[in-house]
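Peer 1: I'm passing along input-v8.csv; it holds CSV, C-alpha atoms and all ligand atoms.
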chain,number,residue,atom,x,y,z
A,1,MET,CA,78.3,89.4,89.8
A,2,ASP,CA,81.5,88.4,88.1
A,3,ILE,CA,83.4,85.3,89.3
A,4,ALA,CA,86.5,87.1,90.6
A,5,ARG,CA,84.4,89.6,92.6
A,6,ARG,CA,82.3,86.7,94.0
A,7,ASP,CA,85.4,84.8,94.9
A,8,LEU,CA,86.9,87.8,96.8
A,9,MET,CA,83.7,88.2,98.8
A,10,ILE,CA,83.6,84.5,99.6
A,11,SER,CA,87.3,84.7,100.6
A,12,ALA,CA,86.6,87.7,102.9
A,13,ALA,CA,83.7,85.8,104.5
A,14,ALA,CA,85.8,82.6,104.8
A,15,LEU,CA,88.6,84.6,106.5
A,16,THR,CA,86.2,85.9,109.2
A,17,LEU,CA,84.4,82.6,109.6
A,18,THR,CA,87.5,80.4,109.9
A,19,SER,CA,89.0,83.0,112.3
A,20,ARG,CA,86.0,82.7,114.6
A,21,ALA,CA,85.6,78.9,114.3
A,22,PHE,CA,89.2,78.5,114.9
A,23,GLY,CA,89.3,80.7,117.9
A,24,ALA,CA,86.4,78.9,119.4
A,25,GLY,CA,88.1,75.5,119.0
A,26,ALA,CA,91.4,76.5,120.6
A,27,GLY,CA,93.4,73.9,122.5
A,28,ASP,CA,95.0,72.3,119.5
A,29,ARG,CA,98.7,72.5,119.6
A,30,PRO,CA,100.2,75.2,117.4
A,31,LEU,CA,101.4,73.8,114.1
A,32,GLY,CA,105.2,73.8,113.4
A,33,TYR,CA,106.8,75.8,110.6
A,34,ALA,CA,110.2,75.0,109.0
A,35,ILE,CA,111.7,78.2,107.6
A,36,VAL,CA,113.8,77.5,104.5
A,37,GLY,CA,116.3,80.3,103.7
A,38,LEU,CA,117.6,82.3,106.7
A,39,GLY,CA,117.9,85.6,104.8
A,40,SER,CA,116.5,89.1,105.5
A,41,TYR,CA,112.9,88.0,105.2
A,42,GLY,CA,112.9,84.5,106.6
A,43,LEU,CA,115.3,85.3,109.5
A,44,ASP,CA,114.8,89.0,110.3
A,45,VAL,CA,111.1,89.4,109.5
A,46,ILE,CA,109.2,86.0,109.7
A,47,ILE,CA,111.0,84.2,112.6
A,48,PRO,CA,110.4,87.0,115.2
A,49,GLN,CA,106.7,86.9,114.2
A,50,PHE,CA,106.0,83.5,115.7
A,51,ALA,CA,105.9,85.4,119.1
A,52,ASN,CA,102.8,87.2,117.8
A,53,CYS,CA,101.1,84.0,116.5
A,54,ALA,CA,98.3,82.1,118.4
A,55,HIS,CA,98.5,78.9,116.3
A,56,SER,CA,101.9,78.7,114.7
A,57,ARG,CA,105.4,78.1,116.0
A,58,LEU,CA,108.9,77.8,114.7
A,59,ALA,CA,109.8,74.1,114.5
A,60,ALA,CA,112.9,73.8,112.2
A,61,VAL,CA,115.3,75.8,110.1
A,62,VAL,CA,116.8,75.0,106.7
A,63,SER,CA,120.0,76.8,105.6
A,64,GLY,CA,123.1,76.6,103.5
A,65,ASP,CA,125.0,78.2,106.4
A,66,PRO,CA,125.5,75.6,109.2
A,67,ALA,CA,126.9,78.1,111.7
A,68,LYS,CA,123.9,80.5,111.2
A,69,ALA,CA,121.4,77.7,111.4
A,70,LYS,CA,123.0,76.5,114.6
A,71,ARG,CA,122.9,79.9,116.1
A,72,VAL,CA,119.2,80.5,115.1
A,73,ALA,CA,118.2,77.1,116.4
A,74,ALA,CA,119.9,77.8,119.7
A,75,ASP,CA,118.3,81.2,120.0
A,76,HIS,CA,114.8,79.6,119.6
A,77,GLY,CA,115.3,76.4,121.6
A,78,LEU,CA,115.2,74.1,118.6
A,79,PRO,CA,116.9,70.7,118.9
A,80,ALA,CA,119.8,69.8,116.6
A,81,ARG,CA,117.6,67.3,114.8
A,82,SER,CA,115.5,70.2,113.5
A,83,ILE,CA,118.4,71.9,111.6
A,84,TYR,CA,118.6,71.0,107.9
A,85,SER,CA,120.8,71.9,105.0
A,86,TYR,CA,119.5,72.0,101.4
A,87,GLU,CA,121.1,68.5,100.9
A,88,THR,CA,119.3,67.0,104.0
A,89,PHE,CA,116.1,68.8,103.4
A,90,ASP,CA,114.1,65.8,102.2
A,91,THR,CA,114.6,64.0,105.5
A,92,ILE,CA,112.2,66.6,107.0
A,93,ARG,CA,109.5,64.1,106.1
A,94,ASN,CA,110.6,62.2,109.3
A,95,ASN,CA,110.2,65.2,111.5
A,96,PRO,CA,106.7,65.1,113.1
A,97,ASP,CA,107.4,68.6,114.7
A,98,VAL,CA,107.2,70.1,111.2
A,99,ASP,CA,103.7,70.5,109.6
A,100,ILE,CA,104.5,73.4,107.2
A,101,VAL,CA,107.5,74.4,105.2
A,102,TYR,CA,107.8,78.2,104.6
A,103,VAL,CA,109.9,78.8,101.4
A,104,CYS,CA,111.9,82.1,101.8
A,105,LEU,CA,114.4,81.5,99.1
A,106,PRO,CA,115.4,83.4,95.9
A,107,ASN,CA,112.5,83.2,93.4
A,108,SER,CA,113.9,80.5,91.1
A,109,MET,CA,114.2,78.1,94.1
A,110,HIS,CA,110.5,78.4,95.1
A,111,ALA,CA,109.2,75.7,92.8
A,112,GLU,CA,111.9,73.1,93.7
A,113,TYR,CA,111.5,73.5,97.4
A,114,THR,CA,107.7,73.7,97.3
A,115,ILE,CA,107.6,70.4,95.4
A,116,ARG,CA,110.2,68.7,97.6
A,117,ALA,CA,108.2,69.9,100.7
A,118,ALA,CA,104.9,68.5,99.3
A,119,LYS,CA,106.7,65.2,98.5
A,120,ALA,CA,107.9,65.1,102.1
A,121,GLY,CA,104.2,65.3,103.2
A,122,LYS,CA,104.4,68.9,104.4
A,123,HIS,CA,102.0,71.8,103.7
A,124,VAL,CA,103.7,74.8,102.1
A,125,MET,CA,103.7,78.6,102.5
A,126,CYS,CA,105.7,80.0,99.6
A,127,GLU,CA,107.0,83.6,99.3
A,128,LYS,CA,106.0,85.9,96.4
A,129,PRO,CA,106.5,85.8,93.5
A,130,MET,CA,105.1,82.2,93.6
A,131,ALA,CA,107.8,81.1,91.1
A,132,ILE,CA,109.3,82.4,87.9
A,133,SER,CA,107.0,80.9,85.3
A,134,VAL,CA,103.4,79.7,84.8
A,135,ALA,CA,104.7,76.2,84.2
A,136,GLU,CA,106.5,76.1,87.6
A,137,CYS,CA,103.3,77.4,89.3
A,138,GLU,CA,101.2,74.7,87.7
A,139,ALA,CA,103.8,72.0,88.8
A,140,MET,CA,103.7,73.4,92.4
A,141,ILE,CA,99.9,73.2,92.5
A,142,ALA,CA,99.9,69.7,91.1
A,143,ALA,CA,102.5,68.5,93.5
A,144,CYS,CA,100.6,69.8,96.5
A,145,LYS,CA,97.3,68.4,95.2
A,146,THR,CA,98.9,65.0,94.6
A,147,ALA,CA,100.2,65.0,98.2
A,148,ASN,CA,96.9,66.4,99.5
A,149,ARG,CA,98.7,69.3,101.1
A,150,LYS,CA,97.8,73.0,101.3
A,151,LEU,CA,99.7,75.6,99.3
A,152,MET,CA,99.5,79.3,100.3
A,153,ILE,CA,101.4,82.3,98.9
A,154,GLY,CA,103.0,84.9,101.2
A,155,TYR,CA,100.6,87.7,100.1
A,156,ARG,CA,100.7,89.4,103.5
A,157,CYS,CA,98.6,92.4,102.4
A,158,HIS,CA,95.5,90.2,102.5
A,159,PHE,CA,96.0,90.2,106.3
A,160,GLU,CA,97.1,93.8,106.7
A,161,PRO,CA,94.4,96.1,108.2
A,162,THR,CA,94.8,99.1,105.9
A,163,ASN,CA,94.6,97.0,102.7
A,164,LEU,CA,91.7,94.9,104.1
A,165,GLU,CA,89.7,98.0,104.9
A,166,ALA,CA,90.5,99.5,101.5
A,167,MET,CA,89.2,96.3,99.8
A,168,ARG,CA,86.1,96.3,102.0
A,169,LEU,CA,85.4,100.0,101.2
A,170,ALA,CA,86.0,99.4,97.4
A,171,ARG,CA,83.6,96.4,97.4
A,172,ALA,CA,81.0,98.4,99.5
A,173,GLY,CA,81.0,101.1,96.8
A,174,ALA,CA,82.5,103.7,99.0
A,175,ALA,CA,84.1,105.4,95.9
A,176,GLY,CA,81.2,104.6,93.7
A,177,LYS,CA,81.7,102.8,90.4
A,178,ILE,CA,85.4,101.9,90.2
A,179,ARG,CA,86.9,103.6,87.1
A,180,TYR,CA,90.7,103.5,87.6
A,181,VAL,CA,93.4,102.1,90.0
A,182,ARG,CA,96.9,103.3,90.1
A,183,SER,CA,99.7,101.5,91.9
A,184,GLU,CA,103.4,102.1,91.9
A,185,HIS,CA,106.0,100.2,94.0
A,186,GLY,CA,109.7,100.5,94.0
A,187,PHE,CA,112.9,100.9,95.9
A,188,VAL,CA,116.5,101.9,95.0
A,189,GLN,CA,118.4,98.7,94.3
A,190,ARG,CA,122.0,99.7,94.9
A,191,ASP,CA,124.1,96.5,95.0
A,192,PRO,CA,124.7,94.9,91.5
A,193,SER,CA,125.8,91.6,93.2
A,194,LYS,CA,122.3,91.0,94.7
A,195,TRP,CA,120.5,87.8,93.5
A,196,ARG,CA,117.5,90.0,92.7
A,197,LEU,CA,119.5,91.4,89.7
A,198,LYS,CA,120.6,87.9,88.5
A,199,ARG,CA,118.0,86.6,86.1
A,200,ALA,CA,118.7,82.9,86.9
A,201,LEU,CA,117.8,83.4,90.5
A,202,SER,CA,115.1,86.2,90.3
A,203,GLY,CA,113.4,85.4,87.0
A,204,GLY,CA,113.1,89.1,86.3
A,205,GLY,CA,113.6,92.6,87.7
A,206,SER,CA,111.4,95.0,89.6
A,207,LEU,CA,108.2,93.3,88.3
A,208,MET,CA,109.1,90.0,90.0
A,209,ASP,CA,109.8,91.8,93.2
A,210,MET,CA,107.8,95.0,94.0
A,211,GLY,CA,105.7,94.8,90.8
A,212,ILE,CA,103.8,91.9,92.4
A,213,TYR,CA,102.4,94.4,94.9
A,214,SER,CA,101.1,96.8,92.2
A,215,LEU,CA,99.6,93.9,90.3
A,216,GLN,CA,97.9,92.4,93.4
A,217,ALA,CA,96.6,95.9,94.3
A,218,ALA,CA,95.0,96.3,90.8
A,219,ARG,CA,93.3,92.9,91.2
A,220,TYR,CA,92.2,93.2,94.9
A,221,MET,CA,91.1,96.8,94.7
A,222,THR,CA,88.9,96.3,91.5
A,223,GLY,CA,87.9,92.7,92.5
A,224,GLU,CA,88.2,91.8,88.8
A,225,GLU,CA,90.4,89.8,86.6
A,226,PRO,CA,92.1,91.7,83.7
A,227,ILE,CA,91.2,91.0,80.1
A,228,ALA,CA,94.1,92.8,78.4
A,229,VAL,CA,97.5,94.2,79.2
A,230,THR,CA,99.8,96.7,77.5
A,231,ALA,CA,103.3,97.2,78.9
A,232,ARG,CA,106.5,99.3,78.4
A,233,GLU,CA,109.9,99.0,79.9
A,234,SER,CA,112.6,101.5,80.6
A,235,THR,CA,116.0,100.2,81.6
A,236,ASP,CA,119.5,101.7,81.2
A,237,ARG,CA,121.4,98.6,80.1
A,238,ARG,CA,124.7,100.4,80.5
A,239,ASP,CA,124.0,100.5,84.3
A,240,PRO,CA,125.9,97.5,85.8
A,241,ARG,CA,122.8,96.8,88.0
A,242,PHE,CA,120.6,96.2,85.0
A,243,THR,CA,122.5,94.0,82.6
A,244,GLU,CA,120.2,91.1,83.2
A,245,VAL,CA,116.8,92.4,84.5
A,246,GLU,CA,114.5,95.4,84.0
A,247,ASP,CA,114.5,98.5,86.1
A,248,ILE,CA,111.2,100.4,85.3
A,249,ILE,CA,108.2,98.5,83.9
A,250,ASP,CA,104.8,100.2,83.4
A,251,TRP,CA,101.6,98.4,82.4
A,252,THR,CA,98.0,99.1,81.9
A,253,LEU,CA,95.3,96.5,82.7
A,254,GLU,CA,91.8,96.6,81.2
A,255,PHE,CA,89.0,95.0,83.2
A,256,PRO,CA,85.6,93.6,82.1
A,257,SER,CA,83.7,96.4,83.8
A,258,GLY,CA,85.6,99.0,81.8
A,259,ALA,CA,87.7,100.0,84.8
A,260,MET,CA,91.5,100.3,84.1
A,261,ALA,CA,94.6,100.1,86.2
A,262,GLY,CA,97.9,101.8,85.6
A,263,CYS,CA,100.7,100.0,87.4
A,264,GLN,CA,104.4,100.4,87.7
A,265,SER,CA,107.4,98.9,89.5
A,266,MET,CA,111.0,100.1,89.6
A,267,TYR,CA,114.4,99.6,91.1
A,268,SER,CA,115.5,103.2,90.8
A,269,ALA,CA,113.1,105.1,93.0
A,270,ASN,CA,111.3,104.6,96.3
A,271,GLN,CA,107.6,104.4,95.9
A,272,ASN,CA,104.7,102.6,97.7
A,273,HIS,CA,101.3,103.7,96.6
A,274,ILE,CA,97.8,102.6,95.7
A,275,LEU,CA,95.0,105.0,94.5
A,276,LEU,CA,91.5,103.9,93.5
A,277,MET,CA,89.3,106.4,91.6
A,278,GLY,CA,85.6,105.9,91.4
A,279,ASP,CA,82.8,108.0,90.1
A,280,ALA,CA,81.8,109.0,93.6
A,281,GLY,CA,85.2,109.4,95.3
A,282,ARG,CA,88.7,108.0,95.9
A,283,ILE,CA,90.6,105.7,98.2
A,284,GLU,CA,94.3,106.3,98.6
A,285,LEU,CA,97.0,104.4,100.5
A,286,GLU,CA,100.5,105.8,101.0
A,287,PRO,CA,102.6,104.1,102.1
A,288,ALA,CA,100.3,101.2,101.0
A,289,THR,CA,102.0,97.9,101.5
A,290,ARG,CA,104.8,98.3,104.1
A,291,TYR,CA,105.4,96.1,107.0
A,292,GLU,CA,103.9,98.8,109.2
A,293,GLY,CA,102.8,102.4,109.2
A,294,ASN,CA,100.5,102.2,106.2
A,295,HIS,CA,98.0,105.1,105.8
A,296,MET,CA,94.7,105.5,104.0
A,297,TRP,CA,92.6,108.4,103.0
A,298,ARG,CA,89.1,108.7,101.6
A,299,GLY,CA,88.3,111.6,99.3
A,300,LYS,CA,85.0,113.0,98.2
A,301,ASP,CA,84.0,116.3,96.6
A,302,GLY,CA,87.6,117.6,97.0
A,303,ARG,CA,87.8,116.8,100.7
A,304,GLU,CA,90.1,114.1,102.1
A,305,ARG,CA,89.9,112.4,105.4
A,306,GLU,CA,92.2,109.8,106.9
A,307,VAL,CA,90.7,106.4,107.7
A,308,THR,CA,91.8,104.3,110.7
A,309,PRO,CA,91.2,100.7,109.8
A,310,PRO,CA,89.8,98.2,112.3
A,311,PRO,CA,92.3,95.5,113.6
A,312,GLY,CA,93.2,92.8,111.2
A,313,PRO,CA,92.9,89.0,111.8
A,314,GLY,CA,96.2,88.7,113.6
A,315,LYS,CA,98.3,90.7,116.0
A,316,THR,CA,100.3,91.7,112.9
A,317,GLN,CA,99.8,91.0,109.2
A,318,PHE,CA,102.5,88.4,109.4
A,319,ALA,CA,101.0,86.6,112.3
A,320,GLY,CA,97.6,86.7,110.6
A,321,GLN,CA,99.1,85.2,107.5
A,322,LEU,CA,101.0,82.4,109.4
A,323,ASP,CA,97.9,81.5,111.5
A,324,HIS,CA,95.6,81.6,108.4
A,325,LEU,CA,97.4,78.6,106.8
A,326,VAL,CA,97.1,76.7,110.1
A,327,GLN,CA,93.3,77.6,110.1
A,328,SER,CA,93.0,76.4,106.5
A,329,ILE,CA,94.7,73.1,107.3
A,330,ARG,CA,92.5,72.5,110.4
A,331,THR,CA,89.2,73.5,108.7
A,332,GLY,CA,90.1,71.9,105.3
A,333,ARG,CA,89.3,75.2,103.5
A,334,GLU,CA,91.6,76.6,100.8
A,335,PRO,CA,93.7,79.5,102.0
A,336,ILE,CA,92.4,82.9,100.7
A,337,VAL,CA,95.7,83.3,98.9
A,338,SER,CA,96.2,79.9,97.5
A,339,GLY,CA,98.5,78.6,94.8
A,340,GLU,CA,95.8,79.4,92.2
A,341,GLU,CA,96.1,83.1,93.3
A,342,GLY,CA,99.8,83.1,92.7
A,343,LEU,CA,99.3,81.3,89.4
A,344,ARG,CA,96.8,84.0,88.3
A,345,ASP,CA,99.4,86.7,88.9
A,346,MET,CA,102.1,84.7,87.1
A,347,ARG,CA,99.9,84.4,84.0
A,348,ILE,CA,99.6,88.2,84.0
A,349,VAL,CA,103.3,88.7,84.7
A,350,GLU,CA,104.2,86.6,81.7
A,351,ALA,CA,101.7,88.7,79.6
A,352,ILE,CA,103.3,91.9,80.9
A,353,TYR,CA,106.8,90.8,79.8
A,354,ARG,CA,105.5,89.6,76.5
A,355,SER,CA,103.6,92.9,75.8
A,356,ALA,CA,106.8,95.0,76.7
A,357,ARG,CA,108.9,92.7,74.4
A,358,GLU,CA,106.5,92.6,71.5
A,359,GLY,CA,105.2,96.2,71.8
A,360,ARG,CA,101.6,95.3,71.6
A,361,THR,CA,98.5,94.7,73.8
A,362,ILE,CA,98.1,91.1,75.0
A,363,ARG,CA,94.6,89.8,75.5
A,364,LEU,CA,94.1,87.6,78.5
A,365,ASP,CA,91.5,84.9,77.9
A,366,GLY,CA,88.7,85.2,80.4
A,367,ALA,CA,88.1,86.8,83.7
A,368,ARG,CA,88.6,83.6,85.6
A,369,LYS,CA,91.8,82.2,84.2
A,370,GLY,CA,93.7,85.3,83.1
A,371,ARG,CA,95.5,83.1,80.6
A,372,ALA,CA,97.6,84.8,78.0
A,401,LIG,P1,117.8,87.3,101.0
A,401,LIG,O1,118.9,87.4,99.9
A,401,LIG,O2,117.9,88.2,102.1
A,401,LIG,O3,117.8,85.8,101.6
A,401,LIG,C1,117.6,84.7,100.8
A,401,LIG,C2,118.2,83.5,101.5
A,401,LIG,O4,118.0,82.3,100.7
A,401,LIG,C3,119.7,83.5,101.8
A,401,LIG,O5,120.0,84.2,103.0
A,401,LIG,C4,120.1,82.1,101.8
A,401,LIG,O6,119.8,81.6,103.1
A,401,LIG,C5,119.1,81.4,100.9
A,401,LIG,N1,119.7,81.1,99.6
A,401,LIG,C6,119.9,79.8,99.1
A,401,LIG,N2,120.5,79.8,97.9
A,401,LIG,C7,120.8,81.1,97.6
A,401,LIG,C8,121.4,81.7,96.5
A,401,LIG,N3,121.9,81.0,95.5
A,401,LIG,N4,121.6,83.0,96.6
A,401,LIG,C9,121.1,83.8,97.6
A,401,LIG,N5,120.4,83.2,98.6
A,401,LIG,C10,120.3,81.9,98.7
A,401,LIG,O7,116.4,87.4,100.3
A,401,LIG,P2,115.0,87.8,101.0
A,401,LIG,O8,114.9,87.2,102.3
A,401,LIG,O9,114.9,89.3,100.9
A,401,LIG,O10,114.0,87.2,99.9
A,401,LIG,C11,113.6,85.8,99.9
A,401,LIG,C12,112.2,85.6,99.3
A,401,LIG,O11,111.3,86.3,100.1
A,401,LIG,C13,112.1,86.2,97.9
A,401,LIG,O12,111.3,85.4,97.1
A,401,LIG,C14,111.4,87.5,98.1
A,401,LIG,O13,110.7,87.9,97.0
A,401,LIG,C15,110.6,87.2,99.3
A,401,LIG,N6,110.3,88.4,100.1
A,401,LIG,C16,109.0,88.7,100.5
A,401,LIG,C17,108.7,89.8,101.2
A,401,LIG,C18,107.3,90.1,101.6
A,401,LIG,O14,107.1,91.2,102.2
A,401,LIG,N7,106.4,89.2,101.4
A,401,LIG,C19,109.8,90.8,101.6
A,401,LIG,C20,111.1,90.4,101.2
A,401,LIG,C21,111.4,89.2,100.5
A,401,LIG,P3,120.8,80.6,103.9
A,401,LIG,O15,122.0,81.5,104.1
A,401,LIG,O16,120.1,80.4,105.2
A,401,LIG,O17,121.0,79.4,103.0
Go ahead and render the structure in this file as structure tokens.
Ligand code: NDP
Peer 2:
Amino acid sequence: MDIARRDLMISAAALTLTSRAFGAGAGDRPLGYAIVGLGSYGLDVIIPQFANCAHSRLAAVVSGDPAKAKRVAADHGLPARSIYSYETFDTIRNNPDVDIVYVCLPNSMHAEYTIRAAKAGKHVMCEKPMAISVAECEAMIAACKTANRKLMIGYRCHFEPTNLEAMRLARAGAAGKIRYVRSEHGFVQRDPSKWRLKRALSGGGSLMDMGIYSLQAARYMTGEEPIAVTARESTDRRDPRFTEVEDIIDWTLEFPSGAMAGCQSMYSANQNHILLMGDAGRIELEPATRYEGNHMWRGKDGREREVTPPPGPGKTQFAGQLDHLVQSIRTGREPIVSGEEGLRDMRIVEAIYRSAREGRTIRLDGARKGRA
């Protein structure tokens, strides 16, 4: 069995085991999260999810907008001492209510705030993409290791029932020998002023945003690490949205087993899809990675049937994700989507960009490291 496949199986088993052990030992107080960046994800998606958590609670907010921070704190019963600005952030070290810092900032700020949080003695949940370079990811992992703190990436699909069932079916051979995975993710990015279109803040275009889902899908559906990547980009540079970052990027991954993946991301069409083709059937998800309403089908001999997945580890994928980091802290186990997992993706992301730039296939050295 190759190492990546073995790791995924161990991860799935660990997720089940820690959930059980943790449930049995209830009675511990929920751990406190500080949300850094009160934007559409941190404020509108994550904060309401604490109501669905068994072991996590909101403990502080960090924002550049004092009025917003004050309003959010009041809405959630937080004391004034649990409101921070980016300037006062480091004093969070003195706040015993905060166990975990959740970084929901533009991509280029992930490394800085993860490292500052670790130095303040806090565990870290960091949004995807983990950072904007391999070097930053390595520095984040080192900082958390030095501080003896956990680092987890906000890869919520690993807690989402449809994706979990698709992974399980793929591993169980439900489609036979895996030959090909396709995954496309995109949305229409309309506003040229968005930070996602500014390279200094985003680190790149659709690949750094929705492309992470396609790349993750290729890896978790095959259970393998790619050994080569070939990429092409298509961007209309006259379009004011795309003066700094790419629109469409398309890449092919080759895996040690001979399986291949064709992946894509874009900022000019709505798409959210994963398809696995094996020599004995197919597994298809569409929409695949949304916040809710994902659907899955299994196909065999020309017939398709919809699959209803069993419940995931949390009330929602977000609650499962938030509580999983708490479980990891309490049990001392690594989160199933640790900093190393984000780093693996970033090595491939750098190779994708390099391949598109240089117009050639980039070999990735080794199934384990995925180093370009
Ligand atoms: P938003 O633009 O909606 O929010 C980002 C927030 O970051 C802002 O509201 C602001 O909060 C803070 N911020 C600090 N400095 C800046 C700056 N220079 N420019 C803009 N914002 C700044 O982004 P999202 O919430 O959509 O994305 C945040 C992160 O979450 C990204 O890394 C993204 O990839 C990830 N994400 C993950 C998703 C998932 O499903 N896992 C879904 C959506 C996003 P304040 O005003 O409080 O200072």
Peer 1: Which chains and residue numbers are within 6 Å of ligand LIG 401 (chain A), counting only C-alpha atoms and all ligand atoms, if I want them as a PDB file with C-alpha atoms, in the coordinates of the input?
Peer 2:
ATOM      1  CA  GLY A  37     116.300  80.300 103.700  1.00  0.00           C
ATOM      2  CA  LEU A  38     117.600  82.300 106.700  1.00  0.00           C
ATOM      3  CA  GLY A  39     117.900  85.600 104.800  1.00  0.00           C
ATOM      4  CA  SER A  40     116.500  89.100 105.500  1.00  0.00           C
ATOM      5  CA  TYR A  41     112.900  88.000 105.200  1.00  0.00           C
ATOM      6  CA  GLY A  42     112.900  84.500 106.600  1.00  0.00           C
ATOM      7  CA  SER A  63     120.000  76.800 105.600  1.00  0.00           C
ATOM      8  CA  GLY A  64     123.100  76.600 103.500  1.00  0.00           C
ATOM      9  CA  ASP A  65     125.000  78.200 106.400  1.00  0.00           C
ATOM     10  CA  CYS A 104     111.900  82.100 101.800  1.00  0.00           C
ATOM     11  CA  LEU A 105     114.400  81.500  99.100  1.00  0.00           C
ATOM     12  CA  PRO A 106     115.400  83.400  95.900  1.00  0.00           C
ATOM     13  CA  ASN A 107     112.500  83.200  93.400  1.00  0.00           C
ATOM     14  CA  GLU A 127     107.000  83.600  99.300  1.00  0.00           C
ATOM     15  CA  LYS A 128     106.000  85.900  96.400  1.00  0.00           C
ATOM     16  CA  PRO A 129     106.500  85.800  93.500  1.00  0.00           C
ATOM     17  CA  GLY A 154     103.000  84.900 101.200  1.00  0.00           C
ATOM     18  CA  TRP A 195     120.500  87.800  93.500  1.00  0.00           C
ATOM     19  CA  ASP A 209     109.800  91.800  93.200  1.00  0.00           C
TER      20      ASP A 209
END
Peer 1: Restricting the calculation to all atoms listed in the file, which member of A:Ala200, A:Ala351, A:Cys126, A:Ala174 is positioned closest to Thr252 in chain A?
Peer 2: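 Under the stated criterion, the closest residue is A:Ala351.
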Peer 1: As an exercise, work out the distance from CA of Cys137 in chain A to CA of Glu341 in chain A in Å and give it to one decimal place.
Peer 2: 10.0 Å
Peer 1: When you draw a straight line from CA of Trp251 in chain A to CA of Glu284 in chain A, how long is it in Å?
Peer 2: 19.4 Å
Peer 1: Just give me the gap between CA of Glu350 in chain A and CA of Gly204 in chain A in Å, one decimal is fine.
Peer 2: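 Separating CA of Glu350 in chain A from CA of Gly204 in chain A is a distance of 10.3 Å.
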Peer 1: Which residues are close to Glu334 in chain A, i.e. within 10 Å by all atoms listed in the file, leaving aside same-chain residues fewer than 4 positions away? Reply as JSON, numbers by chain.
Peer 2: {"A": [11, 14, 150, 151, 152, 324, 325, 327, 328, 329, 338, 339, 340]}
Peer 1: Mind listing whatever residues come within 10 Å of the point (90.1, 104.5, 104.0)? Use only C-alpha atoms, file coordinates, and give them as a ChimeraX atom specification.
Peer 2: /A:162-170,174,282-285,295-299,304-309
Peer 1: For Asp323 in chain A, please output as number ranges by chain all residues within 7 Å (counting all atoms listed in the file; exclusion window: fewer than 4 positions along the same chain).
Peer 2: A: 53-56, 319, 327
Peer 1: Compare A:Asn148, A:Gln49, A:Ser234, A:Thr316 by their minimum atom-to-atom distance to Gly332 in chain A, counting all atoms listed in the file, and give me the closest one.
Peer 2: A:Asn148
Peer 1: Have a look at A:Ser85, A:Ser202, A:Gln189, A:Thr222 and name the one nearest to His110 in chain A; count only C-alpha atoms.
Peer 2: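 Residue with the minimum atom-to-atom distance to His110 in chain A: A:Ser202.
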Peer 1: Which residues of range 213-252 of chain A come within 10 Å of range 265-278 of chain A, and for each one, what is the closest pair of atoms and their distance in Å to one decimal, counting all atoms listed in the file, sorted by chain and residue number, as CSV?
Peer 2:
residue,atom,partner,partner_atom,distance
A:Tyr213,CA,A:Ser265,CA,8.6
A:Ser214,CA,A:Ser265,CA,7.2
A:Leu215,CA,A:Ser265,CA,9.3
A:Ala217,CA,A:Ile274,CA,6.9
A:Ala218,CA,A:Ile274,CA,8.5
A:Met221,CA,A:Leu276,CA,7.2
A:Thr222,CA,A:Leu276,CA,8.3
A:Glu233,CA,A:Met266,CA,9.8
A:Ser234,CA,A:Met266,CA,9.2
A:Thr235,CA,A:Met266,CA,9.4
A:Arg241,CA,A:Tyr267,CA,9.4
A:Phe242,CA,A:Tyr267,CA,9.3
A:Glu246,CA,A:Met266,CA,8.1
A:Asp247,CA,A:Tyr267,CA,5.1
A:Ile248,CA,A:Met266,CA,4.3
A:Ile249,CA,A:Ser265,CA,5.7
A:Asp250,CA,A:Ser265,CA,6.8
A:Trp251,CA,A:Ser265,CA,9.2
Peer 1: Using all atoms listed in the file - which residues lie no farther than 12 Å from the point (106.1, 65.2, 103.2) in the file's frame? Write them as number ranges by chain.
Peer 2: A: 89-96, 98-101, 113-124, 143-144, 146-150
